[in-house]
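Trainee: You'll find model_9.tsv just under this line, and it carries TSV, C-alpha atoms and all ligand atoms.
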```tsv
chain	number	residue	atom	x	y	z
O	1	MET	CA	-7.38	48.18	-21.32
O	2	ALA	CA	-9.95	49.35	-23.76
O	3	ASN	CA	-12.11	52.26	-22.66
O	4	LYS	CA	-9.70	54.66	-24.31
O	5	CYS	CA	-10.70	57.87	-25.98
O	6	ILE	CA	-10.45	57.18	-29.71
O	7	SER	CA	-11.48	58.68	-33.01
O	8	CYS	CA	-12.72	56.20	-35.61
O	9	ASN	CA	-11.30	56.22	-39.14
O	10	ASN	CA	-14.27	54.19	-40.31
O	11	CYS	CA	-17.24	56.26	-39.22
O	12	GLY	CA	-15.60	59.39	-37.85
O	13	HIS	CA	-17.05	58.85	-34.38
O	14	THR	CA	-15.04	60.09	-31.41
O	15	GLY	CA	-15.68	58.45	-28.07
O	16	TRP	CA	-14.68	55.73	-25.62
O	17	SER	CA	-13.61	52.45	-27.16
O	18	LYS	CA	-15.13	49.07	-26.34
O	19	ASN	CA	-13.31	45.77	-25.81
O	20	ARG	CA	-12.56	43.79	-28.92
O	21	GLY	CA	-14.28	40.50	-29.60
O	22	ASN	CA	-17.36	39.20	-27.89
O	23	PHE	CA	-17.88	38.28	-24.25
O	24	LEU	CA	-20.12	35.37	-25.31
O	25	ILE	CA	-17.05	33.81	-26.94
O	26	THR	CA	-15.24	34.15	-23.61
O	27	ILE	CA	-18.10	32.32	-21.87
O	28	VAL	CA	-18.19	29.52	-24.45
O	29	LEU	CA	-14.41	29.16	-24.21
O	30	ALA	CA	-14.59	29.19	-20.43
O	31	ILE	CA	-17.06	26.29	-20.44
O	32	PHE	CA	-14.69	24.10	-22.45
O	33	PHE	CA	-11.22	25.53	-21.94
O	34	PHE	CA	-10.69	27.82	-19.02
O	35	VAL	CA	-7.14	29.00	-19.80
O	36	PRO	CA	-7.86	30.04	-23.44
O	37	ALA	CA	-10.90	31.95	-22.12
O	38	ILE	CA	-8.64	33.96	-19.81
O	39	ILE	CA	-6.17	34.59	-22.67
O	40	TYR	CA	-9.02	35.62	-24.97
O	41	GLU	CA	-10.43	37.97	-22.34
O	42	ILE	CA	-6.99	39.55	-21.81
O	43	TRP	CA	-6.64	39.98	-25.61
O	44	ARG	CA	-10.06	41.71	-25.69
O	45	ARG	CA	-8.80	44.29	-23.21
O	46	THR	CA	-5.42	45.03	-24.81
O	47	GLY	CA	-4.88	47.63	-27.52
O	48	LEU	CA	-7.09	50.59	-28.25
O	49	GLY	CA	-10.30	48.61	-28.44
O	50	VAL	CA	-12.94	49.15	-31.11
O	51	CYS	CA	-15.28	51.98	-31.99
O	52	GLU	CA	-18.36	51.99	-29.75
O	53	ASN	CA	-20.40	53.29	-32.68
O	54	CYS	CA	-19.52	50.93	-35.56
O	55	GLY	CA	-17.31	48.27	-33.97
O	56	SER	CA	-14.41	49.03	-36.34
O	57	ASP	CA	-10.85	48.66	-35.07
O	58	LEU	CA	-9.60	51.41	-37.42
O	59	VAL	CA	-9.28	53.78	-34.51
O	60	LEU	CA	-6.70	56.33	-33.39
O	61	PRO	CA	-6.08	57.69	-29.90
O	62	SER	CA	-7.87	60.96	-29.29
O	63	ASN	CA	-8.34	63.42	-26.45
O	64	ALA	CA	-11.46	64.98	-27.85
O	65	CYS	CA	-13.92	62.90	-25.83
O	66	THR	CA	-16.60	65.10	-24.31
O	67	THR	CA	-18.40	62.58	-22.13
O	68	ASN	CA	-17.05	60.99	-18.96
O	69	LYS	CA	-15.16	57.73	-19.25
O	70	PRO	CA	-17.54	54.78	-18.68
O	71	SER	CA	-17.19	53.12	-15.33
O	72	ASP	CA	-15.40	49.81	-14.86
O	73	VAL	CA	-18.42	48.08	-13.32
O	74	GLY	CA	-18.72	45.95	-16.48
O	75	ASP	CA	-15.18	44.67	-15.94
O	76	LEU	CA	-16.00	43.63	-12.39
O	77	ILE	CA	-19.07	41.74	-13.63
O	78	VAL	CA	-16.96	39.99	-16.29
O	79	LEU	CA	-14.36	38.97	-13.72
O	80	GLY	CA	-17.09	37.73	-11.39
O	81	VAL	CA	-18.73	35.65	-14.13
O	82	LEU	CA	-15.35	34.23	-15.18
O	83	GLY	CA	-14.61	33.35	-11.58
O	84	ILE	CA	-17.94	31.53	-11.22
O	85	VAL	CA	-17.55	29.71	-14.55
O	86	GLY	CA	-13.99	28.81	-13.60
O	87	GLY	CA	-15.18	27.45	-10.27
O	88	ILE	CA	-17.85	25.32	-11.97
O	89	VAL	CA	-15.32	24.04	-14.53
O	90	VAL	CA	-12.87	23.12	-11.78
O	91	MET	CA	-15.62	21.29	-9.88
O	92	ILE	CA	-16.69	19.38	-13.02
O	93	LEU	CA	-13.09	18.44	-13.79
O	94	TYR	CA	-12.60	17.34	-10.20
O	95	ALA	CA	-15.75	15.19	-10.33
O	96	LEU	CA	-14.67	13.67	-13.67
O	97	ALA	CA	-11.17	12.96	-12.38
O	98	ASP	CA	-12.62	11.48	-9.22
O	99	SER	CA	-14.95	9.09	-11.04
O	100	ALA	CA	-12.17	8.18	-13.49
O	101	ILE	CA	-9.86	7.35	-10.58
O	102	ASN	CA	-12.61	5.30	-8.92
O	103	ALA	CA	-13.30	3.40	-12.15
O	104	TYR	CA	-9.58	2.71	-12.44
O	105	LYS	CA	-9.35	1.53	-8.84
O	106	ASN	CA	-12.40	-0.72	-9.21
O	107	ARG	CA	-10.93	-2.29	-12.33
O	108	ASN	CA	-7.80	-3.19	-10.46
O	109	THR	CA	-9.49	-4.58	-7.38
O	110	PRO	CA	-9.26	-8.38	-7.56
O	111	GLU	CA	-12.36	-10.48	-6.99
O	112	PRO	CA	-12.72	-11.14	-3.28
O	113	GLN	CA	-11.06	-14.45	-2.42
O	114	LEU	CA	-13.36	-17.12	-1.06
O	115	SER	CA	-12.36	-18.22	2.41
O	116	GLN	CA	-11.63	-21.88	3.14
O	117	ARG	CA	-14.95	-22.00	4.96
O	118	ASP	CA	-16.79	-20.77	1.83
O	119	LEU	CA	-14.98	-23.33	-0.34
O	120	GLU	CA	-15.87	-26.19	2.01
O	121	GLY	CA	-19.50	-24.94	2.14
O	122	ASN	CA	-19.72	-24.92	-1.68
O	123	CYS	CA	-18.15	-28.37	-1.81
O	124	LEU	CA	-20.63	-29.63	0.77
O	125	ARG	CA	-23.61	-28.40	-1.26
O	126	SER	CA	-22.39	-29.91	-4.52
O	127	GLY	CA	-21.55	-33.18	-2.71
O	128	MET	CA	-25.06	-33.37	-1.27
O	129	SER	CA	-26.71	-32.85	-4.64
O	130	TYR	CA	-24.36	-35.48	-6.11
O	131	TYR	CA	-25.45	-38.15	-3.60
O	132	GLN	CA	-29.09	-37.15	-3.92
O	133	LYS	CA	-28.89	-37.80	-7.67
O	134	GLN	CA	-27.17	-41.13	-6.98
O	135	GLY	CA	-29.97	-42.11	-4.63
O	136	GLU	CA	-27.40	-42.48	-1.83
O	137	TYR	CA	-28.66	-39.74	0.44
O	138	PRO	CA	-28.72	-39.66	3.44
O	139	ILE	CA	-27.17	-43.17	3.67
O	140	LEU	CA	-24.54	-44.44	1.22
O	141	LYS	CA	-25.16	-47.69	-0.63
O	142	ASP	CA	-23.04	-49.61	1.87
O	143	GLY	CA	-26.07	-49.10	4.15
O	144	LYS	CA	-24.18	-47.69	7.15
O	145	THR	CA	-22.18	-44.58	6.25
O	146	LEU	CA	-23.92	-41.22	6.47
O	147	ALA	CA	-23.48	-39.40	3.14
O	148	LEU	CA	-22.95	-36.12	5.01
O	149	ASP	CA	-20.04	-37.60	6.99
O	150	LYS	CA	-18.33	-38.77	3.81
O	151	ILE	CA	-18.91	-35.46	2.02
O	152	GLN	CA	-17.58	-33.54	5.02
O	153	SER	CA	-14.38	-35.53	5.16
O	154	ASP	CA	-13.99	-35.37	1.36
O	155	CYS	CA	-14.51	-31.60	1.40
O	156	LYS	CA	-12.02	-30.88	4.14
O	157	GLY	CA	-9.36	-28.56	2.67
O	158	SER	CA	-11.24	-28.18	-0.63
O	159	LYS	CA	-9.31	-25.92	-3.00
O	160	ASP	CA	-12.02	-25.04	-5.53
O	161	GLY	CA	-15.37	-25.61	-3.76
O	162	LYS	CA	-16.27	-28.54	-6.05
O	163	TYR	CA	-17.12	-32.00	-4.76
O	164	LYS	CA	-14.99	-34.69	-6.38
O	165	ALA	CA	-17.09	-37.78	-6.72
O	166	PRO	CA	-15.17	-40.96	-5.88
Z	1	ZN	ZN	-16.64	53.84	-35.82
```
Once you've parsed the file, please lay out its structure as structure tokens.

Mentor:
Amino acid sequence: MANKCISCNNCGHTGWSKNRGNFLITIVLAIFFFVPAIIYEIWRRTGLGVCENCGSDLVLPSNACTTNKPSDVGDLIVLGVLGIVGGIVVMILYALADSAINAYKNRNTPEPQLSQRDLEGNCLRSGMSYYQKQGEYPILKDGKTLALDKIQSDCKGSKDGKYKAP
């Protein structure tokens, strides 16, 4: 942990060291890559830290500090923020994974198969429009057969829903 009593070779200041690096970098890292953010934050806290006066890392351990060691409240805030950011990142990843899985599932779902009833219904409709165009609706040109009866028997067991004109 930083927060060590150090004397600075750069500016001659003696006092409590700060963490290396910048917490903003931790936040930016945490938004995109949570694990590197944790590693970066651990790195910031290892070693002697940097001079609180000039930010230099040319520091040596010292026991000449006259003020009290700063409290660790800042560390608790950092951990809290990281926890929240981590939670948000996990939720976003979960949502992304979920929608990706759904998209994948939808892609692999075959078109719903038409039932035999649907196929015969489609056949019936195309058969009716066929005989209407031929001028043989509702009675065929033999003058006695109902077009609908013929279409119905022709469409029985239709495989593709299309009426096959005789
Ligand atoms: Zn310094």

Trainee: Fewer than 4 positions away in the same chain doesn't count, so skip those; otherwise give me all residues within 12 Å of range 143-151 of chain O, counting all atoms listed in the file, as a list in words.

Mentor: Glu120, Gly121, Asn122, Cys123, Leu124, Arg125, Ser126, Gly127, Met128, Ser129, Tyr130, Tyr131, Gln132, Gln134, Gly135, Glu136, Tyr137, Pro138, Ile139, Cys155, Lys156, Gly157, Ser158, Gly161, Lys162, Tyr163, Lys164, Ala165 and Pro166 of chain O

Trainee: Just write the chosen residues, C-alpha atoms, as a PDB file, in the coordinates of the input.

Mentor:
```pdb
ATOM      1  CA  GLU O 120     -15.870 -26.190   2.010  1.00  0.00           C
ATOM      2  CA  GLY O 121     -19.500 -24.940   2.140  1.00  0.00           C
ATOM      3  CA  ASN O 122     -19.720 -24.920  -1.680  1.00  0.00           C
ATOM      4  CA  CYS O 123     -18.150 -28.370  -1.810  1.00  0.00           C
ATOM      5  CA  LEU O 124     -20.630 -29.630   0.770  1.00  0.00           C
ATOM      6  CA  ARG O 125     -23.610 -28.400  -1.260  1.00  0.00           C
ATOM      7  CA  SER O 126     -22.390 -29.910  -4.520  1.00  0.00           C
ATOM      8  CA  GLY O 127     -21.550 -33.180  -2.710  1.00  0.00           C
ATOM      9  CA  MET O 128     -25.060 -33.370  -1.270  1.00  0.00           C
ATOM     10  CA  SER O 129     -26.710 -32.850  -4.640  1.00  0.00           C
ATOM     11  CA  TYR O 130     -24.360 -35.480  -6.110  1.00  0.00           C
ATOM     12  CA  TYR O 131     -25.450 -38.150  -3.600  1.00  0.00           C
ATOM     13  CA  GLN O 132     -29.090 -37.150  -3.920  1.00  0.00           C
ATOM     14  CA  GLN O 134     -27.170 -41.130  -6.980  1.00  0.00           C
ATOM     15  CA  GLY O 135     -29.970 -42.110  -4.630  1.00  0.00           C
ATOM     16  CA  GLU O 136     -27.400 -42.480  -1.830  1.00  0.00           C
ATOM     17  CA  TYR O 137     -28.660 -39.740   0.440  1.00  0.00           C
ATOM     18  CA  PRO O 138     -28.720 -39.660   3.440  1.00  0.00           C
ATOM     19  CA  ILE O 139     -27.170 -43.170   3.670  1.00  0.00           C
ATOM     20  CA  CYS O 155     -14.510 -31.600   1.400  1.00  0.00           C
ATOM     21  CA  LYS O 156     -12.020 -30.880   4.140  1.00  0.00           C
ATOM     22  CA  GLY O 157      -9.360 -28.560   2.670  1.00  0.00           C
ATOM     23  CA  SER O 158     -11.240 -28.180  -0.630  1.00  0.00           C
ATOM     24  CA  GLY O 161     -15.370 -25.610  -3.760  1.00  0.00           C
ATOM     25  CA  LYS O 162     -16.270 -28.540  -6.050  1.00  0.00           C
ATOM     26  CA  TYR O 163     -17.120 -32.000  -4.760  1.00  0.00           C
ATOM     27  CA  LYS O 164     -14.990 -34.690  -6.380  1.00  0.00           C
ATOM     28  CA  ALA O 165     -17.090 -37.780  -6.720  1.00  0.00           C
ATOM     29  CA  PRO O 166     -15.170 -40.960  -5.880  1.00  0.00           C
TER      30      PRO O 166
END
```

Trainee: Report as a list in words which protein, DNA and RNA residues come within 9 Å of ligand ZN 1 (chain Z), using all atoms listed in the file.

Mentor: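 Using all atoms listed in the file, I find these residues within 9 Å of ligand ZN 1 (chain Z): Ser7, Cys8, Asn9, Asn10, Cys11, Gly12, His13, Thr14, Val50, Cys51, Glu52, Asn53, Cys54, Gly55, Ser56, Asp57, Leu58 and Val59 of chain O.
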
Trainee: Choose the residue, out of O:Val90, O:Trp16, O:Gly21, O:Asp160, that has the smallest atom-to-atom separation from Arg117 in chain O; count all atoms listed in the file.

Mentor: O:Asp160

Trainee: The centre and edge lengths of an axis-aligned box containing all atoms of range 8-11 of chain O present in the file, extended by 4 Å on each side, are to be given in Å to one decimal, as AutoDock Vina command-line options.

Mentor:
```
--center_x -14.3 --center_y 55.2 --center_z -38.0 --size_x 13.9 --size_y 10.1 --size_z 12.7
```

Trainee: List the neighbours of Ile25 in chain O out to 12 Å using all atoms listed in the file; skip same-chain residues closer than 2 positions along the sequence, and give me the result as an NGL selection string.

Mentor: :O and (20-23 or 27-34 or 36-41 or 44 or 82)

Trainee: Using CA of Ser99 in chain O and CA of Ile84 in chain O as the two end points, give the distance in Å to one decimal.

Mentor: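 Computing the Euclidean distance for CA of Ser99 in chain O and CA of Ile84 in chain O yields 22.6 Å.
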